[in-house]
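Containing PDB, C-alpha atoms, pLDDT in the B column: upload00.pdb.
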MODEL        1
ATOM      1  CA  MET A  12     -20.877   7.368 -12.389  1.00 55.00           C
ATOM      2  CA  ASN A  13     -19.734   3.880 -13.463  1.00 68.00           C
ATOM      3  CA  SER A  14     -16.419   2.935 -15.022  1.00 72.00           C
ATOM      4  CA  SER A  15     -17.732   2.856 -18.597  1.00 77.00           C
ATOM      5  CA  ASP A  16     -19.047   6.458 -18.380  1.00 81.00           C
ATOM      6  CA  SER A  17     -15.724   7.576 -16.943  1.00 83.00           C
ATOM      7  CA  ASP A  18     -13.765   5.966 -19.801  1.00 86.00           C
ATOM      8  CA  LYS A  19     -16.023   7.631 -22.406  1.00 87.00           C
ATOM      9  CA  SER A  20     -15.602  10.995 -20.788  1.00 89.00           C
ATOM     10  CA  LEU A  21     -11.810  10.617 -20.684  1.00 91.00           C
ATOM     11  CA  SER A  22     -11.739   9.496 -24.331  1.00 91.00           C
ATOM     12  CA  ARG A  23     -13.786  12.552 -25.331  1.00 90.00           C
ATOM     13  CA  ALA A  24     -11.508  14.864 -23.401  1.00 90.00           C
ATOM     14  CA  LEU A  25      -8.441  13.348 -25.018  1.00 90.00           C
ATOM     15  CA  ALA A  26      -9.998  13.529 -28.518  1.00 90.00           C
ATOM     16  CA  ASP A  27     -10.805  17.218 -28.019  1.00 89.00           C
ATOM     17  CA  TRP A  28      -7.378  18.040 -26.606  1.00 88.00           C
ATOM     18  CA  ARG A  29      -5.197  20.031 -28.960  1.00 86.00           C
ATOM     19  CA  VAL A  30      -1.778  21.418 -28.282  1.00 83.00           C
ATOM     20  CA  ALA A  31      -0.804  24.497 -30.245  1.00 82.00           C
ATOM     21  CA  PRO A  32       2.682  25.533 -29.158  1.00 81.00           C
ATOM     22  CA  ALA A  33       4.083  28.815 -30.384  1.00 84.00           C
ATOM     23  CA  ARG A  34       6.708  28.277 -33.068  1.00 85.00           C
ATOM     24  CA  ASP A  35      10.203  28.640 -31.744  1.00 87.00           C
ATOM     25  CA  PRO A  36      12.689  29.093 -34.590  1.00 87.00           C
ATOM     26  CA  GLN A  37      15.559  28.545 -32.157  1.00 88.00           C
ATOM     27  CA  PHE A  38      14.291  25.209 -30.878  1.00 89.00           C
ATOM     28  CA  ARG A  39      16.166  22.973 -33.308  1.00 89.00           C
ATOM     29  CA  PRO A  40      19.452  24.964 -33.220  1.00 90.00           C
ATOM     30  CA  GLY A  41      19.144  24.995 -29.412  1.00 90.00           C
ATOM     31  CA  VAL A  42      18.864  21.212 -29.253  1.00 90.00           C
ATOM     32  CA  TRP A  43      21.912  20.779 -31.506  1.00 91.00           C
ATOM     33  CA  ALA A  44      23.828  23.341 -29.503  1.00 88.00           C
ATOM     34  CA  ARG A  45      23.147  21.406 -26.301  1.00 85.00           C
ATOM     35  CA  ILE A  46      24.201  18.131 -27.952  1.00 83.00           C
ATOM     36  CA  ALA A  47      27.408  19.756 -29.199  1.00 83.00           C
ATOM     37  CA  SER A  48      28.072  21.201 -25.767  1.00 76.00           C
ATOM     38  CA  ILE A  49      27.761  17.765 -24.129  1.00 73.00           C
ATOM     39  CA  GLN A  50      30.102  16.303 -26.745  1.00 73.00           C
ATOM     40  CA  THR A  51      32.777  18.939 -26.187  1.00 74.00           C
ATOM     41  CA  ASN A  52      32.309  19.321 -22.391  1.00 72.00           C
ATOM     42  CA  PRO A  53      31.055  15.967 -21.131  1.00 76.00           C
ATOM     43  CA  THR A  54      30.164  15.467 -17.476  1.00 83.00           C
ATOM     44  CA  TRP A  55      32.888  13.865 -15.352  1.00 84.00           C
ATOM     45  CA  GLY A  56      30.922  10.605 -15.300  1.00 85.00           C
ATOM     46  CA  GLY A  57      30.679  10.694 -19.076  1.00 83.00           C
ATOM     47  CA  TYR A  58      34.367  11.512 -19.366  1.00 83.00           C
ATOM     48  CA  LEU A  59      35.268   8.558 -17.137  1.00 86.00           C
ATOM     49  CA  ARG A  60      33.032   6.225 -19.109  1.00 87.00           C
ATOM     50  CA  ALA A  61      34.628   7.414 -22.337  1.00 84.00           C
ATOM     51  CA  HIS A  62      38.122   6.680 -20.998  1.00 87.00           C
ATOM     52  CA  VAL A  63      37.391   3.661 -18.855  1.00 89.00           C
ATOM     53  CA  ALA A  64      40.283   1.518 -20.118  1.00 92.00           C
ATOM     54  CA  LEU A  65      42.850   4.274 -19.672  1.00 90.00           C
ATOM     55  CA  LEU A  66      41.439   5.166 -16.261  1.00 92.00           C
ATOM     56  CA  THR A  67      41.512   1.550 -15.080  1.00 94.00           C
ATOM     57  CA  GLY A  68      45.142   1.249 -16.116  1.00 95.00           C
ATOM     58  CA  ALA A  69      46.118   4.527 -14.475  1.00 93.00           C
ATOM     59  CA  VAL A  70      44.379   3.670 -11.187  1.00 94.00           C
ATOM     60  CA  ALA A  71      45.916   0.188 -11.157  1.00 96.00           C
ATOM     61  CA  LEU A  72      49.354   1.674 -11.779  1.00 96.00           C
ATOM     62  CA  ALA A  73      48.797   4.292  -9.069  1.00 96.00           C
ATOM     63  CA  ILE A  74      47.771   1.612  -6.562  1.00 97.00           C
ATOM     64  CA  VAL A  75      50.816  -0.516  -7.349  1.00 97.00           C
ATOM     65  CA  ALA A  76      53.153   2.508  -7.183  1.00 97.00           C
ATOM     66  CA  GLY A  77      51.603   3.657  -3.882  1.00 97.00           C
ATOM     67  CA  ALA A  78      51.818   0.169  -2.401  1.00 97.00           C
ATOM     68  CA  TRP A  79      55.432  -0.272  -3.499  1.00 97.00           C
ATOM     69  CA  THR A  80      56.635   3.064  -2.140  1.00 97.00           C
ATOM     70  CA  GLY A  81      54.533   2.783   1.052  1.00 97.00           C
ATOM     71  CA  ARG A  82      55.959  -0.636   1.800  1.00 97.00           C
ATOM     72  CA  GLY A  83      59.488   0.512   0.959  1.00 97.00           C
ATOM     73  CA  GLN A  84      59.292   3.652   3.081  1.00 96.00           C
ATOM     74  CA  ALA A  85      57.866   1.801   6.090  1.00 95.00           C
ATOM     75  CA  ARG A  86      60.443  -0.972   5.879  1.00 95.00           C
ATOM     76  CA  GLN A  87      63.287   1.485   5.486  1.00 95.00           C
ATOM     77  CA  ARG A  88      62.158   3.448   8.509  1.00 93.00           C
ATOM     78  CA  VAL A  89      61.687   0.294  10.587  1.00 92.00           C
ATOM     79  CA  GLU A  90      65.153  -0.917   9.582  1.00 92.00           C
ATOM     80  CA  VAL A  91      66.801   2.375  10.538  1.00 92.00           C
ATOM     81  CA  GLU A  92      65.073   2.347  13.935  1.00 91.00           C
ATOM     82  CA  ARG A  93      65.845  -1.333  14.483  1.00 91.00           C
ATOM     83  CA  THR A  94      69.522  -0.785  13.747  1.00 90.00           C
ATOM     84  CA  ALA A  95      69.702   2.244  16.034  1.00 89.00           C
ATOM     85  CA  LEU A  96      67.939   0.422  18.882  1.00 91.00           C
ATOM     86  CA  ALA A  97      70.085  -2.706  18.565  1.00 91.00           C
ATOM     87  CA  THR A  98      73.268  -0.623  18.606  1.00 88.00           C
ATOM     88  CA  ALA A  99      72.077   1.435  21.561  1.00 87.00           C
ATOM     89  CA  TYR A 100      71.018  -1.747  23.395  1.00 89.00           C
ATOM     90  CA  VAL A 101      74.475  -3.293  23.086  1.00 88.00           C
ATOM     91  CA  ARG A 102      76.254  -0.043  23.964  1.00 84.00           C
ATOM     92  CA  ALA A 103      74.094   0.368  27.063  1.00 82.00           C
ATOM     93  CA  LEU A 104      75.561  -2.916  28.360  1.00 81.00           C
ATOM     94  CA  ASP A 105      79.089  -2.209  27.229  1.00 77.00           C
ATOM     95  CA  ALA A 106      81.390  -1.107  30.029  1.00 70.00           C
ATOM     96  CA  ARG A 107      84.010  -0.109  27.435  1.00 72.00           C
ATOM     97  CA  VAL A 108      81.712   2.720  26.346  1.00 69.00           C
ATOM     98  CA  MET A 109      81.311   4.059  29.886  1.00 62.00           C
ATOM     99  CA  ARG A 110      84.637   5.792  29.970  1.00 51.00           C
ATOM    100  CA  GLY A 111      85.708   8.559  32.235  1.00 45.00           C
ATOM    101  CA  PRO A 112      86.697  12.001  30.980  1.00 43.00           C
TER     102      PRO A 112
ATOM    103  CA  MET B  30      40.380  20.297 -18.678  1.00 78.00           C
ATOM    104  CA  LYS B  31      38.335  20.191 -15.487  1.00 82.00           C
ATOM    105  CA  ASN B  32      37.511  16.527 -16.105  1.00 84.00           C
ATOM    106  CA  LEU B  33      41.161  15.725 -16.702  1.00 87.00           C
ATOM    107  CA  LEU B  34      42.145  17.433 -13.437  1.00 90.00           C
ATOM    108  CA  LEU B  35      39.412  15.607 -11.530  1.00 91.00           C
ATOM    109  CA  THR B  36      40.603  12.321 -13.023  1.00 90.00           C
ATOM    110  CA  LEU B  37      44.214  13.056 -12.105  1.00 92.00           C
ATOM    111  CA  GLY B  38      42.999  13.847  -8.578  1.00 94.00           C
ATOM    112  CA  LEU B  39      41.252  10.483  -8.461  1.00 93.00           C
ATOM    113  CA  VAL B  40      44.402   8.671  -9.593  1.00 95.00           C
ATOM    114  CA  LEU B  41      46.537  10.534  -7.054  1.00 96.00           C
ATOM    115  CA  ALA B  42      44.026   9.777  -4.288  1.00 96.00           C
ATOM    116  CA  ALA B  43      44.197   6.068  -5.187  1.00 96.00           C
ATOM    117  CA  CYS B  44      48.002   6.260  -5.053  1.00 97.00           C
ATOM    118  CA  ALA B  45      47.974   8.063  -1.682  1.00 97.00           C
ATOM    119  CA  LEU B  46      45.456   5.639  -0.199  1.00 97.00           C
ATOM    120  CA  SER B  47      47.464   2.663  -1.367  1.00 97.00           C
ATOM    121  CA  PHE B  48      50.666   4.237   0.043  1.00 97.00           C
ATOM    122  CA  GLY B  49      48.991   4.805   3.427  1.00 97.00           C
ATOM    123  CA  VAL B  50      47.554   1.295   3.640  1.00 97.00           C
ATOM    124  CA  PHE B  51      50.831  -0.427   2.741  1.00 97.00           C
ATOM    125  CA  TYR B  52      52.863   1.896   4.975  1.00 96.00           C
ATOM    126  CA  ALA B  53      50.597   1.010   7.902  1.00 95.00           C
ATOM    127  CA  LEU B  54      50.720  -2.716   7.079  1.00 95.00           C
ATOM    128  CA  ASN B  55      54.537  -2.726   7.029  1.00 93.00           C
ATOM    129  CA  ASP B  56      55.004  -0.446  10.014  1.00 90.00           C
ATOM    130  CA  GLU B  57      55.962  -1.770  13.456  1.00 89.00           C
ATOM    131  CA  PRO B  58      54.354   0.511  16.036  1.00 89.00           C
ATOM    132  CA  ALA B  59      55.939  -1.290  19.021  1.00 88.00           C
ATOM    133  CA  LEU B  60      59.406  -0.761  17.587  1.00 88.00           C
ATOM    134  CA  ARG B  61      58.655   2.880  16.795  1.00 87.00           C
ATOM    135  CA  ARG B  62      57.350   3.440  20.332  1.00 89.00           C
ATOM    136  CA  ALA B  63      60.489   1.833  21.772  1.00 89.00           C
ATOM    137  CA  ALA B  64      62.659   4.061  19.565  1.00 87.00           C
ATOM    138  CA  ARG B  65      60.741   7.176  20.591  1.00 86.00           C
ATOM    139  CA  GLU B  66      61.059   6.328  24.274  1.00 87.00           C
ATOM    140  CA  GLY B  67      64.625   5.041  23.983  1.00 84.00           C
ATOM    141  CA  ASP B  68      63.445   1.832  25.671  1.00 87.00           C
ATOM    142  CA  ALA B  69      65.741  -1.000  24.605  1.00 87.00           C
ATOM    143  CA  LEU B  70      63.910  -3.626  26.657  1.00 89.00           C
ATOM    144  CA  ALA B  71      60.610  -2.750  24.969  1.00 90.00           C
ATOM    145  CA  TRP B  72      62.410  -3.158  21.655  1.00 91.00           C
ATOM    146  CA  LEU B  73      63.827  -6.520  22.779  1.00 92.00           C
ATOM    147  CA  ARG B  74      60.383  -7.737  23.780  1.00 92.00           C
ATOM    148  CA  ALA B  75      58.731  -6.682  20.516  1.00 91.00           C
ATOM    149  CA  GLU B  76      61.611  -7.600  18.219  1.00 92.00           C
ATOM    150  CA  PHE B  77      62.100 -11.137  19.535  1.00 94.00           C
ATOM    151  CA  HIS B  78      58.446 -11.857  20.332  1.00 92.00           C
ATOM    152  CA  LEU B  79      59.021 -12.567  24.012  1.00 93.00           C
ATOM    153  CA  ASN B  80      56.170 -13.743  26.202  1.00 94.00           C
ATOM    154  CA  ASP B  81      55.736 -12.402  29.732  1.00 94.00           C
ATOM    155  CA  ALA B  82      57.774 -15.162  31.402  1.00 95.00           C
ATOM    156  CA  GLN B  83      60.680 -14.872  28.946  1.00 94.00           C
ATOM    157  CA  PHE B  84      60.655 -11.102  29.208  1.00 94.00           C
ATOM    158  CA  ALA B  85      60.650 -11.185  33.031  1.00 94.00           C
ATOM    159  CA  ALA B  86      63.547 -13.672  33.069  1.00 95.00           C
ATOM    160  CA  ILE B  87      65.579 -11.587  30.591  1.00 94.00           C
ATOM    161  CA  LYS B  88      64.841  -8.401  32.512  1.00 91.00           C
ATOM    162  CA  LYS B  89      66.178 -10.037  35.679  1.00 92.00           C
ATOM    163  CA  LEU B  90      69.255 -11.255  33.806  1.00 92.00           C
ATOM    164  CA  HIS B  91      69.914  -7.700  32.615  1.00 90.00           C
ATOM    165  CA  ALA B  92      69.464  -6.376  36.152  1.00 88.00           C
ATOM    166  CA  ASP B  93      71.973  -8.931  37.434  1.00 89.00           C
ATOM    167  CA  TYR B  94      74.380  -8.170  34.616  1.00 88.00           C
ATOM    168  CA  SER B  95      74.227  -4.436  35.299  1.00 85.00           C
ATOM    169  CA  VAL B  96      76.222  -5.149  38.515  1.00 86.00           C
ATOM    170  CA  VAL B  97      78.887  -7.041  36.547  1.00 86.00           C
ATOM    171  CA  CYS B  98      78.878  -4.319  33.893  1.00 84.00           C
ATOM    172  CA  ALA B  99      79.390  -1.651  36.561  1.00 84.00           C
ATOM    173  CA  GLU B 100      82.388  -3.596  37.936  1.00 86.00           C
ATOM    174  CA  HIS B 101      83.970  -3.787  34.484  1.00 84.00           C
ATOM    175  CA  CYS B 102      83.232  -0.126  33.955  1.00 84.00           C
ATOM    176  CA  ALA B 103      84.852   0.833  37.281  1.00 85.00           C
ATOM    177  CA  ALA B 104      87.932  -1.293  36.520  1.00 87.00           C
ATOM    178  CA  ILE B 105      88.373   0.224  33.050  1.00 85.00           C
ATOM    179  CA  MET B 106      87.888   3.776  34.337  1.00 84.00           C
ATOM    180  CA  ALA B 107      90.335   3.222  37.210  1.00 87.00           C
ATOM    181  CA  ALA B 108      92.919   1.857  34.776  1.00 87.00           C
ATOM    182  CA  GLN B 109      92.453   4.873  32.512  1.00 83.00           C
ATOM    183  CA  GLN B 110      92.806   7.331  35.358  1.00 84.00           C
ATOM    184  CA  ARG B 111      96.028   5.871  36.735  1.00 84.00           C
ATOM    185  CA  PRO B 112      96.868   5.774  33.754  1.00 83.00           C
ATOM    186  CA  ALA B 113      97.559   2.077  33.187  1.00 80.00           C
ATOM    187  CA  PRO B 114      99.549   0.783  30.199  1.00 88.00           C
ATOM    188  CA  PRO B 115      97.438   0.268  27.057  1.00 86.00           C
ATOM    189  CA  ALA B 116      97.998  -3.492  27.264  1.00 88.00           C
ATOM    190  CA  GLU B 117      96.383  -3.612  30.697  1.00 88.00           C
ATOM    191  CA  ILE B 118      93.376  -1.612  29.464  1.00 85.00           C
ATOM    192  CA  ALA B 119      93.125  -3.921  26.477  1.00 86.00           C
ATOM    193  CA  VAL B 120      93.016  -6.940  28.819  1.00 89.00           C
ATOM    194  CA  LEU B 121      90.234  -5.332  30.869  1.00 88.00           C
ATOM    195  CA  GLU B 122      88.305  -4.509  27.713  1.00 86.00           C
ATOM    196  CA  ALA B 123      88.716  -8.044  26.396  1.00 87.00           C
ATOM    197  CA  ARG B 124      87.412  -9.384  29.712  1.00 88.00           C
ATOM    198  CA  CYS B 125      84.458  -6.986  29.475  1.00 87.00           C
ATOM    199  CA  MET B 126      83.742  -8.131  25.918  1.00 87.00           C
ATOM    200  CA  GLU B 127      83.908 -11.796  26.914  1.00 90.00           C
ATOM    201  CA  SER B 128      81.549 -11.143  29.814  1.00 90.00           C
ATOM    202  CA  MET B 129      79.108  -9.324  27.525  1.00 90.00           C
ATOM    203  CA  GLU B 130      79.119 -12.152  25.015  1.00 92.00           C
ATOM    204  CA  ASP B 131      78.429 -14.658  27.801  1.00 93.00           C
ATOM    205  CA  HIS B 132      75.595 -12.481  28.992  1.00 93.00           C
ATOM    206  CA  PHE B 133      74.094 -12.231  25.515  1.00 94.00           C
ATOM    207  CA  ARG B 134      74.308 -16.016  25.122  1.00 95.00           C
ATOM    208  CA  ARG B 135      72.479 -16.469  28.415  1.00 95.00           C
ATOM    209  CA  VAL B 136      69.806 -14.015  27.208  1.00 95.00           C
ATOM    210  CA  ALA B 137      69.529 -15.885  23.882  1.00 95.00           C
ATOM    211  CA  ALA B 138      69.066 -19.168  25.754  1.00 95.00           C
ATOM    212  CA  LEU B 139      65.929 -17.745  27.373  1.00 94.00           C
ATOM    213  CA  MET B 140      64.381 -16.995  23.971  1.00 94.00           C
ATOM    214  CA  PRO B 141      62.726 -19.406  21.533  1.00 92.00           C
ATOM    215  CA  ALA B 142      65.527 -21.141  19.582  1.00 91.00           C
ATOM    216  CA  ASP B 143      65.113 -19.257  16.292  1.00 94.00           C
ATOM    217  CA  GLU B 144      64.692 -15.900  17.999  1.00 94.00           C
ATOM    218  CA  GLY B 145      67.773 -16.609  20.132  1.00 95.00           C
ATOM    219  CA  LYS B 146      69.853 -17.225  17.004  1.00 95.00           C
ATOM    220  CA  ARG B 147      68.531 -14.026  15.440  1.00 95.00           C
ATOM    221  CA  TYR B 148      69.251 -12.137  18.676  1.00 95.00           C
ATOM    222  CA  LEU B 149      72.869 -13.327  18.739  1.00 95.00           C
ATOM    223  CA  ALA B 150      73.248 -12.482  15.045  1.00 94.00           C
ATOM    224  CA  THR B 151      72.026  -8.974  15.906  1.00 92.00           C
ATOM    225  CA  VAL B 152      74.046  -8.244  19.041  1.00 92.00           C
ATOM    226  CA  LEU B 153      77.350 -10.122  18.732  1.00 91.00           C
ATOM    227  CA  PRO B 154      78.608  -8.242  15.653  1.00 90.00           C
ATOM    228  CA  ARG B 155      77.891  -5.011  17.515  1.00 87.00           C
ATOM    229  CA  VAL B 156      80.032  -6.129  20.445  1.00 83.00           C
ATOM    230  CA  ALA B 157      82.879  -6.846  18.041  1.00 78.00           C
ATOM    231  CA  ASP B 158      82.349  -3.588  16.124  1.00 72.00           C
ATOM    232  CA  TYR B 159      82.902  -1.411  19.190  1.00 63.00           C
ATOM    233  CA  ASP B 160      84.645   1.783  18.079  1.00 52.00           C
ATOM    234  CA  HIS B 161      85.196   3.761  21.307  1.00 47.00           C
ATOM    235  CA  ALA B 162      83.166   6.590  19.843  1.00 40.00           C
ATOM    236  CA  LEU B 163      79.572   6.559  20.989  1.00 40.00           C
ATOM    237  CA  ALA B 164      77.979   6.742  24.399  1.00 39.00           C
ATOM    238  CA  PRO B 165      74.896   4.746  25.375  1.00 41.00           C
ATOM    239  CA  THR B 166      71.592   6.473  24.707  1.00 38.00           C
ATOM    240  CA  VAL B 167      68.949   4.015  25.857  1.00 43.00           C
ATOM    241  CA  GLN B 168      67.933   2.674  29.230  1.00 47.00           C
ATOM    242  CA  VAL B 169      68.437  -1.029  29.484  1.00 51.00           C
ATOM    243  CA  HIS B 170      68.829  -1.315  33.223  1.00 47.00           C
ATOM    244  CA  PRO B 171      65.418  -1.770  34.882  1.00 45.00           C
TER     245      PRO B 171
ENDMDL
END
Could you write out this structure as structure tokens?
Amino acid sequence: MNSSDSDKSLSRALADWRVAPARDPQFRPGVWARIASIQTNPTWGGYLRAHVALLTGAVALAIVAGAWTGRGQARQRVEVERTALATAYVRALDARVMRGP
Amino acid sequence: MKNLLLTLGLVLAACALSFGVFYALNDEPALRRAAREGDALAWLRAEFHLNDAQFAAIKKLHADYSVVCAEHCAAIMAAQQRPAPPAEIAVLEARCMESMEDHFRRVAALMPADEGKRYLATVLPRVADYDHALAPTVQVHP
């Protein structure tokens, strides 16, 4: 069988092909119901895309707030420990501290 | 509602991540380790960026000073036990303070110039602020 015969046979098959689906009276309402459902309960990705500006602002603010407090907390802790160590260092060499009972 | 909660979770996660990163960047693990172990010399080394040679020289200076410190300590304790007049104890304490300040200046001289200045600015006010209240809690003698 050459290519031309094959094409004719396929064309005939396609010309004879008929689709006769059973009528579904709920098809159209079902489609609209699904569209409405997506509009009222979007996927998380859709929700994020719909609020991208607000989300960007909130994440940026959260990053700045986290950075600010993280830096502050670490520095405060370091300062407290530094002060305690410096004081203890001097006192460890201070004969005035080493008093008898 | 679920999407809002997920989004809030995302924002909080970004905040927590940022907190953790900046906390770690501003932390000083060497200082924290020194504090945990009560190791003043480790603190000195980390705080004033001492190299091995400077640290060894300062460690030796501290070891030498511990003898002088013990002599001052013995003299003050003996005076207290007698008991000596307050003026005599005050003289001994002033001598001790002077000796400490000399020692700290010798230590500072072994450090890089800027670190030495910072070291003196850290320790000298603490010598002057002595309040007779607290006992030493770290090991400084090697």
*Selection under test: the PyMOL selection byres ((chain A) within 10 of (chain B)); residues as a ChimeraX atom specification*: /A:52-59,66-90,92-112
*In Å, rounded to a single decimal, give me how far atom CA of Ile87 of chain B is from atom CA of Glu66 of chain B.*
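Computed distance, atom CA of Glu66 of chain B to atom CA of Ile87 of chain B, equals 19.5 Å.
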*Who sits within 10 Å of Asn80 of chain B, all atoms listed in the file, same chain under 5 positions skipped, as an NGL selection string*: :B and (74-75 or 85 or 140-141)
Padding of 5 Å on every side, edges along x, y and z, all listed atoms of segment 92-108 of chain B included: what centre and edge lengths in Å, to one decimal, does that box have, as lines of an AutoDock Vina configuration file?
center_x = 81.2
center_y = -2.6
center_z = 35.8
size_x = 33.5
size_y = 22.7
size_z = 15.5
*Quote the spacing between atom CA of Ala142 of chain B and atom CA of Gln83 of chain B in Å to one decimal place.*
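A separation of 12.3 Å between them.
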_d(atom CA of Ala71 of chain B, atom CA of Ala86 of chain B) in Å_ =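 Those two atoms sit 13.9 Å apart.
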*asked:* I'd like to know which of B:Leu149, B:Leu90, B:Ala82, B:Ala59 is closest to Arg134 of chain B, using all atoms listed in the file.
replied: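 Comparing B:Leu149, B:Leu90, B:Ala82, B:Ala59 against Arg134 of chain B, the winner is B:Leu149.
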Starting from the incomplete input, reconstruct N, CA and C atoms of segment 38-54 of chain A and write that as a PDB file, in the coordinates of the input.
ATOM      1  N   PHE A  38      14.377  26.493 -31.576  1.00 89.00           N
ATOM      2  CA  PHE A  38      14.291  25.209 -30.878  1.00 89.00           C
ATOM      3  C   PHE A  38      15.313  24.191 -31.411  1.00 89.00           C
ATOM      4  N   ARG A  39      15.271  23.974 -32.717  1.00 89.00           N
ATOM      5  CA  ARG A  39      16.166  22.973 -33.308  1.00 89.00           C
ATOM      6  C   ARG A  39      17.651  23.351 -33.126  1.00 89.00           C
ATOM      7  N   PRO A  40      18.035  24.605 -33.470  1.00 90.00           N
ATOM      8  CA  PRO A  40      19.452  24.964 -33.220  1.00 90.00           C
ATOM      9  C   PRO A  40      19.829  24.822 -31.744  1.00 90.00           C
ATOM     10  N   GLY A  41      18.860  25.107 -30.859  1.00 90.00           N
ATOM     11  CA  GLY A  41      19.144  24.995 -29.412  1.00 90.00           C
ATOM     12  C   GLY A  41      19.442  23.571 -29.009  1.00 90.00           C
ATOM     13  N   VAL A  42      18.631  22.632 -29.570  1.00 90.00           N
ATOM     14  CA  VAL A  42      18.864  21.212 -29.253  1.00 90.00           C
ATOM     15  C   VAL A  42      20.251  20.794 -29.734  1.00 90.00           C
ATOM     16  N   TRP A  43      20.585  21.157 -30.968  1.00 91.00           N
ATOM     17  CA  TRP A  43      21.912  20.779 -31.506  1.00 91.00           C
ATOM     18  C   TRP A  43      23.049  21.433 -30.709  1.00 91.00           C
ATOM     19  N   ALA A  44      22.789  22.649 -30.287  1.00 88.00           N
ATOM     20  CA  ALA A  44      23.828  23.341 -29.503  1.00 88.00           C
ATOM     21  C   ALA A  44      24.067  22.609 -28.180  1.00 88.00           C
ATOM     22  N   ARG A  45      22.969  22.133 -27.572  1.00 85.00           N
ATOM     23  CA  ARG A  45      23.147  21.406 -26.301  1.00 85.00           C
ATOM     24  C   ARG A  45      23.875  20.076 -26.527  1.00 85.00           C
ATOM     25  N   ILE A  46      23.514  19.404 -27.643  1.00 83.00           N
ATOM     26  CA  ILE A  46      24.201  18.131 -27.952  1.00 83.00           C
ATOM     27  C   ILE A  46      25.693  18.383 -28.178  1.00 83.00           C
ATOM     28  N   ALA A  47      25.993  19.437 -28.929  1.00 83.00           N
ATOM     29  CA  ALA A  47      27.408  19.756 -29.199  1.00 83.00           C
ATOM     30  C   ALA A  47      28.141  20.097 -27.914  1.00 83.00           C
ATOM     31  N   SER A  48      27.439  20.804 -27.035  1.00 76.00           N
ATOM     32  CA  SER A  48      28.072  21.201 -25.767  1.00 76.00           C
ATOM     33  C   SER A  48      28.420  19.969 -24.928  1.00 76.00           C
ATOM     34  N   ILE A  49      27.499  18.984 -24.907  1.00 73.00           N
ATOM     35  CA  ILE A  49      27.761  17.765 -24.129  1.00 73.00           C
ATOM     36  C   ILE A  49      28.932  16.995 -24.736  1.00 73.00           C
ATOM     37  N   GLN A  50      29.007  17.032 -26.103  1.00 73.00           N
ATOM     38  CA  GLN A  50      30.102  16.303 -26.745  1.00 73.00           C
ATOM     39  C   GLN A  50      31.450  16.952 -26.457  1.00 73.00           C
ATOM     40  N   THR A  51      31.485  18.282 -26.414  1.00 74.00           N
ATOM     41  CA  THR A  51      32.777  18.939 -26.187  1.00 74.00           C
ATOM     42  C   THR A  51      33.091  19.071 -24.688  1.00 74.00           C
ATOM     43  N   ASN A  52      32.095  19.225 -23.844  1.00 72.00           N
ATOM     44  CA  ASN A  52      32.309  19.321 -22.391  1.00 72.00           C
ATOM     45  C   ASN A  52      31.466  18.271 -21.671  1.00 72.00           C
ATOM     46  N   PRO A  53      31.876  16.997 -21.757  1.00 76.00           N
ATOM     47  CA  PRO A  53      31.055  15.967 -21.131  1.00 76.00           C
ATOM     48  C   PRO A  53      31.100  16.085 -19.610  1.00 76.00           C
ATOM     49  N   THR A  54      30.129  15.501 -18.947  1.00 83.00           N
ATOM     50  CA  THR A  54      30.164  15.467 -17.476  1.00 83.00           C
ATOM     51  C   THR A  54      31.349  14.576 -17.068  1.00 83.00           C
TER      52      THR A  54
END
